[in-house]
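Trainee: So I've got this file, query_5.cif, and it contains mmCIF, C-alpha atoms and all ligand atoms:
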data_final
loop_
_atom_site.label_atom_id
_atom_site.label_comp_id
_atom_site.auth_asym_id
_atom_site.auth_seq_id
_atom_site.Cartn_x
_atom_site.Cartn_y
_atom_site.Cartn_z
CA MET A 10 18.97 -120.70 -41.37
CA LYS A 11 20.53 -122.21 -44.50
CA VAL A 12 22.31 -120.07 -47.10
CA ILE A 13 23.48 -121.26 -50.52
CA VAL A 14 26.23 -119.29 -52.24
CA ALA A 15 26.76 -119.75 -55.99
CA GLY A 16 30.43 -119.17 -56.87
CA ALA A 17 33.51 -119.89 -54.75
CA SER A 18 35.66 -116.88 -55.46
CA ILE A 19 36.65 -113.83 -53.45
CA SER A 20 33.20 -112.27 -52.81
CA GLY A 21 31.29 -115.54 -52.34
CA LEU A 22 33.83 -117.14 -50.03
CA PHE A 23 34.13 -114.06 -47.84
CA THR A 24 30.32 -113.93 -47.51
CA ALA A 25 30.32 -117.65 -46.68
CA TYR A 26 33.07 -117.24 -44.08
CA LEU A 27 31.35 -114.30 -42.34
CA LEU A 28 28.05 -116.21 -42.15
CA ALA A 29 29.47 -119.61 -41.18
CA LYS A 30 31.55 -118.22 -38.33
CA GLU A 31 28.31 -116.91 -36.80
CA GLY A 32 26.78 -120.37 -36.94
CA VAL A 33 24.78 -120.12 -40.19
CA GLU A 34 24.57 -123.31 -42.29
CA VAL A 35 26.32 -122.41 -45.57
CA GLU A 36 26.87 -124.37 -48.77
CA VAL A 37 29.01 -122.87 -51.54
CA TYR A 38 28.72 -124.33 -55.05
CA GLU A 39 31.49 -123.75 -57.60
CA LYS A 40 31.38 -124.87 -61.23
CA GLU A 41 35.15 -125.24 -61.68
CA THR A 42 37.13 -128.39 -60.90
CA LEU A 43 39.85 -126.45 -59.10
CA LEU A 44 39.49 -123.42 -56.84
CA GLY A 45 40.80 -120.00 -57.88
CA GLN A 46 40.96 -120.74 -61.60
CA PRO A 47 41.99 -119.06 -63.78
CA SER A 48 44.85 -117.49 -61.81
CA ARG A 49 45.17 -113.71 -62.00
CA THR A 50 47.58 -111.05 -60.75
CA LEU A 51 45.63 -108.32 -58.95
CA ILE A 52 46.60 -105.02 -57.39
CA VAL A 53 44.60 -103.61 -54.49
CA THR A 54 44.92 -100.82 -51.97
CA ASN A 55 45.65 -101.17 -48.31
CA GLU A 56 41.85 -101.09 -47.84
CA LEU A 57 42.03 -104.87 -48.37
CA LYS A 58 43.35 -105.22 -44.81
CA HIS A 59 40.55 -103.08 -43.39
CA VAL A 60 37.66 -104.74 -45.17
CA LEU A 61 38.87 -108.27 -44.46
CA GLY A 62 40.12 -107.53 -40.96
CA PHE A 63 43.12 -109.77 -41.73
CA ILE A 64 45.42 -110.62 -44.61
CA PRO A 65 44.91 -114.15 -45.92
CA GLU A 66 48.11 -116.12 -45.49
CA GLY A 67 50.52 -116.28 -48.41
CA THR A 68 48.46 -114.12 -50.78
CA ILE A 69 50.71 -111.06 -51.11
CA LEU A 70 53.25 -111.29 -53.91
CA ASN A 71 54.62 -107.78 -53.65
CA GLU A 72 54.08 -104.32 -52.15
CA VAL A 73 54.46 -101.19 -54.24
CA ARG A 74 55.10 -97.73 -52.87
CA TYR A 75 55.46 -95.66 -56.04
CA LEU A 76 52.95 -94.90 -58.79
CA GLU A 77 54.21 -93.45 -62.07
CA LEU A 78 51.68 -91.90 -64.44
CA PHE A 79 52.41 -91.13 -68.11
CA SER A 80 50.39 -89.13 -70.62
CA LYS A 81 51.42 -88.07 -74.13
CA SER A 82 54.10 -85.62 -73.01
CA LYS A 83 53.95 -85.50 -69.21
CA SER A 84 54.67 -87.79 -66.29
CA ALA A 85 54.22 -87.80 -62.52
CA ARG A 86 55.58 -89.98 -59.72
CA LEU A 87 53.59 -90.42 -56.52
CA VAL A 88 54.84 -91.81 -53.22
CA LEU A 89 51.94 -93.74 -51.71
CA LYS A 90 51.47 -93.30 -47.97
CA ASP A 91 50.33 -96.91 -47.70
CA PRO A 92 51.76 -99.30 -50.28
CA ASP A 93 49.47 -101.02 -52.77
CA LEU A 94 49.38 -104.81 -52.48
CA VAL A 95 49.95 -107.15 -55.41
CA ILE A 96 48.05 -110.38 -54.80
CA GLU A 97 47.41 -113.64 -56.62
CA ARG A 98 43.76 -114.61 -57.05
CA GLU A 99 44.29 -118.38 -56.77
CA LYS A 100 46.21 -118.03 -53.50
CA MET A 101 43.59 -115.65 -52.11
CA VAL A 102 40.72 -117.97 -53.07
CA ASN A 103 42.47 -121.00 -51.53
CA SER A 104 43.10 -119.11 -48.33
CA LEU A 105 39.49 -117.84 -48.08
CA THR A 106 38.24 -121.39 -48.79
CA ARG A 107 40.30 -122.73 -45.91
CA LEU A 108 38.85 -120.07 -43.59
CA ALA A 109 35.28 -120.67 -44.78
CA ARG A 110 35.64 -124.43 -44.33
CA GLU A 111 37.20 -124.05 -40.87
CA ALA A 112 34.23 -121.86 -39.93
CA GLY A 113 31.90 -124.70 -40.97
CA ALA A 114 30.89 -123.83 -44.56
CA LYS A 115 30.73 -126.63 -47.14
CA VAL A 116 32.51 -125.75 -50.41
CA ILE A 117 31.43 -128.08 -53.21
CA LEU A 118 33.19 -128.08 -56.60
CA LYS A 119 32.00 -129.13 -60.08
CA HIS A 120 28.44 -127.93 -59.52
CA HIS A 121 26.96 -125.39 -61.90
CA CYS A 122 24.15 -123.19 -60.60
CA GLU A 123 21.53 -122.99 -63.37
CA GLY A 124 18.91 -120.85 -61.68
CA PHE A 125 16.37 -120.87 -58.89
CA ASP A 126 12.63 -120.99 -58.15
CA LEU A 127 10.79 -119.40 -55.27
CA PHE A 128 8.39 -121.46 -53.13
CA GLY A 129 6.89 -119.41 -50.32
CA LYS A 130 9.76 -118.25 -48.17
CA LYS A 131 12.14 -120.88 -49.55
CA VAL A 132 14.48 -120.70 -52.53
CA VAL A 133 14.95 -123.88 -54.54
CA VAL A 134 18.31 -123.73 -56.29
CA ARG A 135 18.82 -125.65 -59.53
CA LEU A 136 22.31 -127.13 -59.76
CA ARG A 137 23.99 -129.47 -62.21
CA ASN A 138 26.62 -131.94 -61.06
CA LEU A 139 29.15 -131.52 -63.86
CA GLU A 140 30.69 -134.95 -63.24
CA THR A 141 27.47 -136.95 -63.58
CA ASN A 142 25.46 -134.35 -65.56
CA GLN A 143 22.67 -134.93 -63.04
CA GLU A 144 20.33 -132.07 -62.12
CA ILE A 145 19.95 -131.47 -58.39
CA ARG A 146 17.45 -129.27 -56.60
CA THR A 147 18.22 -128.10 -53.12
CA SER A 148 16.34 -125.63 -50.98
CA ALA A 149 17.58 -122.87 -48.71
CA ASP A 150 16.32 -119.81 -46.91
CA ILE A 151 18.66 -117.51 -48.82
CA LEU A 152 20.53 -117.70 -52.12
CA VAL A 153 23.58 -115.52 -52.76
CA GLY A 154 24.70 -115.07 -56.35
CA ALA A 155 28.47 -114.61 -56.21
CA ASP A 156 28.90 -116.18 -59.61
CA GLY A 157 30.68 -113.35 -61.38
CA THR A 158 30.11 -111.26 -64.49
CA ARG A 159 27.70 -113.60 -66.27
CA SER A 160 25.85 -114.54 -63.10
CA LYS A 161 23.17 -117.19 -63.69
CA VAL A 162 21.49 -116.14 -60.45
CA THR A 163 21.15 -112.56 -61.72
CA LEU A 164 19.92 -113.73 -65.13
CA ALA A 165 17.42 -116.14 -63.54
CA ALA A 166 15.93 -113.13 -61.76
CA SER A 167 15.25 -111.68 -65.24
CA ARG A 168 17.86 -108.98 -64.89
CA ASN A 169 19.56 -107.82 -68.02
CA GLY A 170 23.25 -108.53 -68.18
CA HIS A 171 25.78 -105.93 -67.11
CA LEU A 172 27.63 -103.36 -69.20
CA LEU A 173 31.07 -104.90 -69.67
CA ALA A 174 34.70 -103.90 -70.13
CA ALA A 175 37.45 -106.25 -71.29
CA LEU A 176 40.55 -106.74 -69.14
CA LEU A 177 43.58 -108.39 -70.67
CA GLN A 178 47.02 -108.74 -69.16
CA ALA A 179 50.20 -110.61 -70.00
CA ARG A 180 52.81 -111.86 -67.56
CA VAL A 181 56.30 -110.86 -68.64
CA ARG A 182 59.82 -110.66 -67.25
CA LEU A 183 60.25 -107.38 -65.37
CA PRO A 184 61.82 -105.02 -67.95
CA GLU A 185 65.31 -103.69 -67.20
CA ASP A 186 63.98 -100.19 -66.51
CA GLY A 187 61.09 -101.59 -64.38
CA LYS A 188 61.29 -101.47 -60.59
CA GLN A 189 59.84 -103.91 -58.08
CA ASP A 190 58.39 -101.11 -55.95
CA THR A 191 56.78 -99.09 -58.76
CA VAL A 192 53.52 -99.45 -60.68
CA GLN A 193 53.40 -97.69 -64.04
CA VAL A 194 50.25 -96.43 -65.75
CA TRP A 195 50.01 -95.03 -69.28
CA PHE A 196 47.10 -93.00 -70.65
CA ASN A 197 46.77 -93.19 -74.42
CA SER A 198 43.24 -92.16 -75.37
CA ASP A 199 43.87 -92.87 -79.08
CA ARG A 200 44.06 -96.59 -78.21
CA THR A 201 41.80 -96.99 -75.18
CA LYS A 202 39.62 -94.67 -73.09
CA TYR A 203 40.95 -96.54 -70.04
CA PHE A 204 44.72 -97.10 -69.53
CA TYR A 205 47.67 -99.51 -69.70
CA TRP A 206 49.59 -100.73 -66.63
CA LEU A 207 52.69 -102.55 -65.52
CA ILE A 208 52.36 -104.20 -62.11
CA PRO A 209 55.57 -105.74 -60.73
CA GLU A 210 54.93 -109.14 -59.09
CA SER A 211 58.53 -109.48 -57.85
CA ASP A 212 62.04 -108.42 -58.90
CA ARG A 213 61.63 -110.82 -61.85
CA THR A 214 58.11 -110.73 -63.27
CA ALA A 215 55.30 -108.27 -63.93
CA ALA A 216 51.76 -108.13 -65.30
CA VAL A 217 51.28 -105.75 -68.22
CA GLY A 218 47.76 -105.09 -69.37
CA LEU A 219 44.94 -102.78 -70.27
CA VAL A 220 41.22 -102.22 -70.04
CA ALA A 221 39.34 -101.80 -73.32
CA ASP A 222 35.77 -101.78 -74.56
CA ASP A 223 35.92 -105.33 -75.91
CA ALA A 224 38.22 -108.34 -76.08
CA ARG A 225 39.26 -107.76 -79.70
CA GLN A 226 40.34 -104.18 -79.06
CA ALA A 227 42.17 -105.30 -75.88
CA GLU A 228 44.10 -107.97 -77.76
CA ALA A 229 45.14 -105.67 -80.63
CA CYS A 230 46.26 -102.91 -78.24
CA LEU A 231 48.15 -105.23 -75.92
CA THR A 232 50.02 -106.91 -78.78
CA GLU A 233 51.10 -103.51 -80.09
CA PHE A 234 52.04 -102.29 -76.58
CA LEU A 235 54.14 -105.37 -75.78
CA GLN A 236 55.98 -105.01 -79.08
CA SER A 237 56.65 -101.31 -78.49
CA LYS A 238 58.20 -102.16 -75.10
CA ASP A 239 60.02 -105.23 -76.44
CA LEU A 240 58.25 -107.51 -73.89
CA GLU A 241 57.74 -111.25 -74.43
CA PRO A 242 54.56 -112.61 -72.78
CA PHE A 243 54.65 -116.06 -71.15
CA GLU A 244 51.05 -116.13 -69.90
CA PHE A 245 47.83 -114.25 -70.66
CA GLN A 246 45.00 -113.50 -68.21
CA SER A 247 41.70 -112.08 -69.40
CA ALA A 248 38.01 -111.74 -68.63
CA LEU A 249 35.08 -109.38 -68.97
CA VAL A 250 34.35 -107.27 -65.91
CA PRO A 251 30.95 -105.65 -65.21
CA MET A 252 30.62 -101.89 -64.92
CA HIS A 253 28.68 -100.28 -62.11
CA ARG A 254 25.80 -98.02 -63.24
CA PHE A 255 23.98 -95.16 -61.51
CA GLY A 256 20.85 -96.42 -59.78
CA TYR A 257 21.68 -100.07 -60.39
CA GLY A 258 19.41 -102.16 -58.18
CA GLY A 259 20.50 -105.70 -58.98
CA ASP A 260 21.72 -106.50 -55.46
CA VAL A 261 18.32 -107.78 -54.29
CA LEU A 262 16.88 -110.29 -56.76
CA SER A 263 13.57 -111.36 -55.20
CA GLU A 264 10.65 -109.51 -53.74
CA GLY A 265 10.83 -111.67 -50.63
CA ARG A 266 14.41 -110.41 -50.10
CA ASN A 267 15.91 -113.89 -50.00
CA VAL A 268 17.95 -113.85 -53.24
CA PHE A 269 20.92 -111.48 -53.41
CA ALA A 270 23.92 -110.76 -55.59
CA VAL A 271 27.41 -109.74 -54.50
CA GLY A 272 30.77 -108.88 -56.10
CA ASP A 273 31.00 -108.93 -59.90
CA ALA A 274 27.55 -110.56 -60.03
CA ALA A 275 26.18 -107.27 -58.65
CA ALA A 276 28.62 -105.10 -60.67
CA GLN A 277 30.29 -103.96 -57.44
CA VAL A 278 33.25 -102.51 -59.31
CA LYS A 279 35.11 -99.18 -59.20
CA VAL A 280 34.87 -98.16 -62.82
CA THR A 281 37.77 -95.68 -62.81
CA THR A 282 40.26 -98.53 -62.53
CA VAL A 283 37.81 -101.41 -63.18
CA GLY A 284 38.88 -102.99 -59.88
CA GLY A 285 36.37 -105.23 -58.14
CA VAL A 286 38.24 -107.01 -55.35
CA VAL A 287 37.91 -104.51 -52.50
CA THR A 288 34.42 -103.36 -53.56
CA GLY A 289 33.24 -107.00 -53.81
CA LEU A 290 34.57 -107.64 -50.29
CA HIS A 291 32.73 -104.56 -49.01
CA GLY A 292 29.61 -105.92 -50.71
CA ALA A 293 30.15 -109.29 -49.00
CA ARG A 294 30.53 -107.65 -45.60
CA ALA A 295 27.38 -105.57 -46.13
CA LEU A 296 25.39 -108.64 -47.22
CA ALA A 297 26.56 -110.82 -44.33
CA ASP A 298 25.74 -108.01 -41.92
CA ALA A 299 22.27 -107.62 -43.46
CA ILE A 300 21.56 -111.38 -43.27
CA LEU A 301 22.87 -111.80 -39.73
CA ASN A 302 21.18 -108.73 -38.28
CA GLY A 303 18.00 -108.62 -40.35
CA ARG A 304 19.15 -105.34 -41.92
CA ASN A 305 18.26 -104.02 -45.33
CA TYR A 306 21.01 -104.99 -47.83
CA PRO A 307 20.65 -101.91 -50.11
CA ARG A 308 20.88 -99.72 -47.02
CA ALA A 309 23.97 -101.59 -45.85
CA LEU A 310 25.45 -100.94 -49.30
CA ARG A 311 24.85 -97.19 -49.17
CA GLU A 312 28.46 -96.18 -48.41
CA LEU A 313 29.80 -98.51 -51.11
CA LYS A 314 27.29 -97.14 -53.64
CA ILE A 315 28.36 -93.56 -52.92
CA GLU A 316 31.99 -94.58 -53.47
CA MET A 317 31.16 -96.43 -56.71
CA ASN A 318 29.00 -93.54 -57.99
CA LEU A 319 31.88 -91.08 -57.50
CA HIS A 320 34.14 -93.42 -59.48
CA LEU A 321 31.50 -93.61 -62.19
CA LEU A 322 31.22 -89.82 -62.37
CA ILE A 323 34.99 -89.55 -62.86
CA ARG A 324 35.00 -92.40 -65.39
CA GLN A 325 32.33 -90.63 -67.47
CA ILE A 326 34.55 -87.57 -67.65
CA LEU A 327 37.77 -89.53 -68.30
CA ASN A 328 35.99 -91.40 -71.13
CA ARG A 329 35.89 -88.04 -72.96
CA PHE A 330 39.53 -87.05 -72.34
CA ASN A 331 41.98 -86.64 -75.20
CA GLY A 332 45.79 -86.57 -75.02
CA GLU A 333 45.94 -82.84 -74.16
CA ASP A 334 43.40 -83.28 -71.34
CA TYR A 335 45.53 -86.04 -69.81
CA ASP A 336 48.63 -83.81 -70.15
CA GLN A 337 46.81 -81.09 -68.21
CA LEU A 338 45.66 -83.56 -65.58
CA ILE A 339 49.17 -84.93 -65.02
CA GLY A 340 50.40 -81.33 -64.77
CA MET A 341 47.92 -80.81 -61.91
CA VAL A 342 49.01 -84.08 -60.27
CA ASN A 343 52.53 -82.65 -60.21
CA GLY A 344 51.14 -79.54 -58.53
CA GLU A 345 48.44 -79.15 -55.92
CA LEU A 346 46.88 -82.62 -56.20
CA ARG A 347 50.00 -84.58 -55.33
CA GLY A 348 49.63 -84.48 -51.52
CA ILE A 349 45.98 -85.63 -51.61
CA LEU A 350 46.61 -88.44 -54.09
CA GLU A 351 49.53 -89.68 -52.01
CA GLU A 352 47.55 -89.54 -48.78
CA TRP A 353 44.19 -91.00 -49.86
CA ASN A 354 43.96 -94.20 -51.86
CA ARG A 355 41.49 -94.99 -54.66
CA ASP A 356 39.14 -96.79 -52.27
CA GLU A 357 38.77 -93.56 -50.29
CA LEU A 358 37.27 -91.30 -52.96
CA LYS A 359 34.44 -90.29 -50.61
CA GLN A 360 37.05 -88.71 -48.35
CA SER A 361 39.23 -87.20 -51.09
CA PHE A 362 36.77 -86.10 -53.81
CA LEU A 363 35.85 -82.68 -52.41
CA ARG A 364 39.40 -82.10 -51.21
CA LEU A 365 40.64 -82.67 -54.78
CA ILE A 366 38.20 -80.15 -56.25
CA TRP A 367 38.72 -77.65 -53.46
CA THR A 368 42.50 -77.83 -53.81
CA GLU A 369 42.53 -77.73 -57.61
CA PRO A 370 39.40 -75.91 -58.91
CA ARG A 371 40.77 -76.18 -62.49
CA LEU A 372 39.64 -79.84 -62.33
CA ILE A 373 36.05 -78.63 -62.77
CA LYS A 374 36.98 -76.63 -65.86
CA LEU A 375 38.90 -79.56 -67.31
CA GLY A 376 36.00 -81.95 -66.72
CA ALA A 377 33.38 -79.51 -68.02
CA LYS A 378 35.45 -78.86 -71.16
CA ALA A 379 35.73 -82.61 -71.87
CA LEU A 380 31.97 -83.09 -71.40
CA LEU A 381 31.14 -80.09 -73.59
CA LYS A 382 33.49 -81.23 -76.35
CA SER A 383 31.76 -84.62 -76.49
CA PHE A 384 28.30 -82.99 -76.79
CA LEU A 385 29.49 -80.71 -79.57
C1 LIG F 1 42.87 -109.72 -66.10
C2 LIG F 1 42.14 -109.11 -64.93
C3 LIG F 1 42.81 -108.29 -64.04
C4 LIG F 1 42.13 -107.72 -62.99
N1 LIG F 1 42.83 -106.92 -62.14
C5 LIG F 1 42.23 -106.41 -61.06
C6 LIG F 1 42.99 -105.67 -60.11
O1 LIG F 1 44.18 -105.45 -60.30
N2 LIG F 1 42.35 -105.19 -59.00
C7 LIG F 1 41.02 -105.42 -58.78
O2 LIG F 1 40.49 -104.97 -57.75
N3 LIG F 1 40.28 -106.12 -59.67
C8 LIG F 1 40.85 -106.62 -60.79
N4 LIG F 1 40.12 -107.36 -61.68
C9 LIG F 1 38.69 -107.57 -61.41
C10 LIG F 1 38.55 -108.63 -60.32
O3 LIG F 1 39.26 -109.79 -60.68
C11 LIG F 1 37.08 -109.00 -60.09
O4 LIG F 1 36.31 -107.82 -59.92
C12 LIG F 1 36.93 -109.87 -58.83
O5 LIG F 1 37.80 -110.95 -58.88
C13 LIG F 1 35.50 -110.35 -58.73
O6 LIG F 1 35.39 -111.35 -57.76
P1 LIG F 1 34.03 -112.14 -57.54
O7 LIG F 1 34.30 -113.12 -56.46
O8 LIG F 1 32.90 -111.21 -57.38
O9 LIG F 1 33.77 -112.86 -58.96
P2 LIG F 1 34.64 -113.93 -59.73
O10 LIG F 1 36.06 -113.88 -59.35
O11 LIG F 1 34.30 -113.78 -61.17
O12 LIG F 1 34.06 -115.32 -59.21
C14 LIG F 1 32.90 -115.91 -59.66
C15 LIG F 1 32.99 -117.38 -59.29
O13 LIG F 1 31.78 -117.99 -59.62
C16 LIG F 1 32.01 -119.19 -60.36
N5 LIG F 1 30.82 -119.37 -61.20
C17 LIG F 1 30.46 -118.63 -62.28
N6 LIG F 1 29.25 -119.05 -62.73
C18 LIG F 1 28.86 -120.07 -61.92
C19 LIG F 1 27.71 -120.87 -61.87
N7 LIG F 1 26.69 -120.70 -62.75
N8 LIG F 1 27.63 -121.82 -60.91
C20 LIG F 1 28.64 -121.99 -60.00
N9 LIG F 1 29.76 -121.24 -60.01
C21 LIG F 1 29.86 -120.28 -60.93
C22 LIG F 1 33.27 -118.86 -61.16
O14 LIG F 1 33.93 -120.03 -61.60
C23 LIG F 1 34.07 -118.11 -60.10
O15 LIG F 1 34.78 -118.96 -59.26
C24 LIG F 1 40.76 -107.94 -62.78
C25 LIG F 1 40.06 -108.77 -63.67
C26 LIG F 1 40.75 -109.34 -64.73
C27 LIG F 1 40.00 -110.21 -65.68
#
Would you write out, as structure tokens, the structure that this file holds?
Ligand SMILES: Cc1cc2nc3c(=O)[nH]c(=O)nc-3n(C[C@H](O)[C@H](O)[C@H](O)COP(=O)(O)OP(=O)(O)OC[C@H]3O[C@@H](n4cnc5c(N)ncnc54)[C@H](O)[C@@H]3O)c2cc1C

Mentor:
Amino acid sequence: MKVIVAGASISGLFTAYLLAKEGVEVEVYEKETLLGQPSRTLIVTNELKHVLGFIPEGTILNEVRYLELFSKSKSARLVLKDPDLVIEREKMVNSLTRLAREAGAKVILKHHCEGFDLFGKKVVVRLRNLETNQEIRTSADILVGADGTRSKVTLAASRNGHLLAALLQARVRLPEDGKQDTVQVWFNSDRTKYFYWLIPESDRTAAVGLVADDARQAEACLTEFLQSKDLEPFEFQSALVPMHRFGYGGDVLSEGRNVFAVGDAAAQVKVTTVGGVVTGLHGARALADAILNGRNYPRALRELKIEMNLHLLIRQILNRFNGEDYDQLIGMVNGELRGILEEWNRDELKQSFLRLIWTEPRLIKLGAKALLKSFL
């Protein structure tokens, strides 16, 4: 069996590695000249270790044990049972590439995937060699679109594009009141329905950023935020990230079940925090398992979909929160919710969701009030 993967980033390379180590012939095509570009500071939960089964060498920049949350007039500090991991995308991609290549996968740079055609049970992938501008057609049994937010594989299957959010962050010197072991999150619903963050990379530098509806709003808000904190950026990192939707079925892209999407290409993103690293890796594991064992990919994704749907439910409520709602929420975090939020991480919402509601029934009232307000 031959599998072609479009996109050599976290989700595509992990899929390639899992398949190649079981003896599948795998070719990964990446449009960029260098792997892991552009570089990006990412924060993930300890779930990274579980889904990968290992930690790629040299990828962890920092570990953070404390999470500080700020609303208009309240704050809370959580002690995480398992520290969050701050990782660097370029290092992670290089490490996964090494593993995929050692397992036998070919990773080929400077090749742009432009689409595909179906011939019987085969997929003919259209690629462009970006050095020679020559078009190449190569056939495979399976095509995996791991080519990110604006996936050509997904578009070639006549799927509409994804709903998008804009992520923008600046690298800065760690402020004097910042701590290497503490992530800070600010909710300011007048500026963004999402949030701002400061992620320490070390005792010297940090990534400060936000999620917004579009790139222009993100830029205006970040500029204002950096000025208010007297922070001088020395690098910017930005991109659009897809948002998971209820009932989204863009994981299988052909009737013959031989073209699939994974990671950002399939909008496998937790939309509360707009984090797609761990969910994309879960997607990769589910897809590799489905290909290797002849299982149904959507069925293999069921657990991940439940997790992502719960995040989406919460996001839809948070999108309607105002400053007072966030004050109330942080008040509850300081009360009954603290223990659960410290124990269960944000990739374990399936396990913690009912516990949260059971422990703090006022959450239902707060959510219902926010929904009602938006209808009125
Ligand atoms: C500023 C910023 C901060 C973020 N912070 C976090 C965070 O803290 N935690 C978290 O979990 N997530 C975070 N995210 C989201 C996270 O980065 C993505 O969800 C994740 O990296 C998606 O990985 P992927 O492999 O699916 O896709 P991508 O990383 O987008 O990879 C797609 C790959 O495909 C290649 N490609 C694209 N088109 C083609 C084509 N036509 N042919 C060939 N190759 C192609 C691209 O060059 C790229 O290498 C952040 C995103 C941004 C922008």

Trainee: Taking all atoms listed in the file into account, report as a PyMOL selection string which residues have an atom no farther than 7 Å from an atom of ligand LIG 1 (chain F).

Mentor: chain A and resi 15-21+38-41+44-46+49-53+120-123+155-161+176-178+246-250+271-274+278+283-287+289

Trainee: Could you tell me, as a PDB file with C-alpha atoms, in the coordinates of the input, which residues have any atom at most 12 Å from (37.1, -95.6, -72.3), counting only C-alpha atoms?

Mentor:
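Full text of part_25.pdb as output:
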ATOM      1  CA  LEU A 173      31.070-104.900 -69.670  1.00  0.00           C
ATOM      2  CA  ALA A 174      34.700-103.900 -70.130  1.00  0.00           C
ATOM      3  CA  ALA A 175      37.450-106.250 -71.290  1.00  0.00           C
ATOM      4  CA  PHE A 196      47.100 -93.000 -70.650  1.00  0.00           C
ATOM      5  CA  ASN A 197      46.770 -93.190 -74.420  1.00  0.00           C
ATOM      6  CA  SER A 198      43.240 -92.160 -75.370  1.00  0.00           C
ATOM      7  CA  ASP A 199      43.870 -92.870 -79.080  1.00  0.00           C
ATOM      8  CA  ARG A 200      44.060 -96.590 -78.210  1.00  0.00           C
ATOM      9  CA  THR A 201      41.800 -96.990 -75.180  1.00  0.00           C
ATOM     10  CA  LYS A 202      39.620 -94.670 -73.090  1.00  0.00           C
ATOM     11  CA  TYR A 203      40.950 -96.540 -70.040  1.00  0.00           C
ATOM     12  CA  PHE A 204      44.720 -97.100 -69.530  1.00  0.00           C
ATOM     13  CA  TYR A 205      47.670 -99.510 -69.700  1.00  0.00           C
ATOM     14  CA  LEU A 219      44.940-102.780 -70.270  1.00  0.00           C
ATOM     15  CA  VAL A 220      41.220-102.220 -70.040  1.00  0.00           C
ATOM     16  CA  ALA A 221      39.340-101.800 -73.320  1.00  0.00           C
ATOM     17  CA  ASP A 222      35.770-101.780 -74.560  1.00  0.00           C
ATOM     18  CA  ASP A 223      35.920-105.330 -75.910  1.00  0.00           C
ATOM     19  CA  GLN A 226      40.340-104.180 -79.060  1.00  0.00           C
ATOM     20  CA  ALA A 227      42.170-105.300 -75.880  1.00  0.00           C
ATOM     21  CA  MET A 252      30.620-101.890 -64.920  1.00  0.00           C
ATOM     22  CA  VAL A 280      34.870 -98.160 -62.820  1.00  0.00           C
ATOM     23  CA  THR A 281      37.770 -95.680 -62.810  1.00  0.00           C
ATOM     24  CA  THR A 282      40.260 -98.530 -62.530  1.00  0.00           C
ATOM     25  CA  VAL A 283      37.810-101.410 -63.180  1.00  0.00           C
ATOM     26  CA  LEU A 321      31.500 -93.610 -62.190  1.00  0.00           C
ATOM     27  CA  ILE A 323      34.990 -89.550 -62.860  1.00  0.00           C
ATOM     28  CA  ARG A 324      35.000 -92.400 -65.390  1.00  0.00           C
ATOM     29  CA  GLN A 325      32.330 -90.630 -67.470  1.00  0.00           C
ATOM     30  CA  ILE A 326      34.550 -87.570 -67.650  1.00  0.00           C
ATOM     31  CA  LEU A 327      37.770 -89.530 -68.300  1.00  0.00           C
ATOM     32  CA  ASN A 328      35.990 -91.400 -71.130  1.00  0.00           C
ATOM     33  CA  ARG A 329      35.890 -88.040 -72.960  1.00  0.00           C
ATOM     34  CA  PHE A 330      39.530 -87.050 -72.340  1.00  0.00           C
ATOM     35  CA  ASN A 331      41.980 -86.640 -75.200  1.00  0.00           C
TER      36      ASN A 331
END

Trainee: Return the single residue from A:Arg168, A:Arg107, A:Arg146, A:Lys58 that is closest to Leu22 in chain A, with distances computed using all atoms listed in the file.

Mentor: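 Distance minimum relative to Leu22 in chain A lands on A:Arg107.
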
Trainee: Considering all atoms listed in the file, return as a PyMOL selection string whatever protein or nucleic-acid residues lie within 10 Å of Leu94 in chain A, sequence-local ones (same chain, fewer than 3 positions apart) excluded.

Mentor: chain A and resi 51-58+68-74+91+97+210

Trainee: Please, which residues in range 68-108 of chain A fall within 12 Å of range 351-374 of chain A when counting all atoms listed in the file, and what is the closest atom pair and distance in Å to one decimal for each, ordered by chain then residue number, as a Markdown table?

Mentor:
| residue | atom | partner | partner_atom | distance |
| --- | --- | --- | --- | --- |
| A:Arg74 | CA | A:Glu351 | CA | 9.8 |
| A:Tyr75 | CA | A:Glu351 | CA | 9.3 |
| A:Leu76 | CA | A:Glu351 | CA | 9.2 |
| A:Glu77 | CA | A:Glu351 | CA | 11.7 |
| A:Ala85 | CA | A:Glu351 | CA | 11.7 |
| A:Arg86 | CA | A:Glu351 | CA | 9.8 |
| A:Leu87 | CA | A:Glu351 | CA | 6.1 |
| A:Val88 | CA | A:Glu351 | CA | 5.8 |
| A:Leu89 | CA | A:Glu351 | CA | 4.7 |
| A:Lys90 | CA | A:Glu352 | CA | 5.5 |
| A:Asp91 | CA | A:Glu352 | CA | 8.0 |
| A:Pro92 | CA | A:Asn354 | CA | 9.5 |
| A:Asp93 | CA | A:Asn354 | CA | 8.8 |
| A:Leu94 | CA | A:Asn354 | CA | 11.9 |

Trainee: What separation in Å, quoted to one decimal, exists between CA of Gly265 in chain A and CA of Glu316 in chain A?

Mentor: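 So the answer is 27.3 Å.
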
Trainee: Do you have the CA of Val134 in chain A-CA of Leu164 in chain A distance handy?

Mentor: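 About the pair CA of Val134 in chain A and CA of Leu164 in chain A: they are 13.4 Å apart.
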
Trainee: To one decimal in Å, tell me the separation between CA of Lys81 in chain A and CA of Asp336 in chain A.

Mentor: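 Computed distance, CA of Lys81 in chain A to CA of Asp336 in chain A, equals 6.5 Å.
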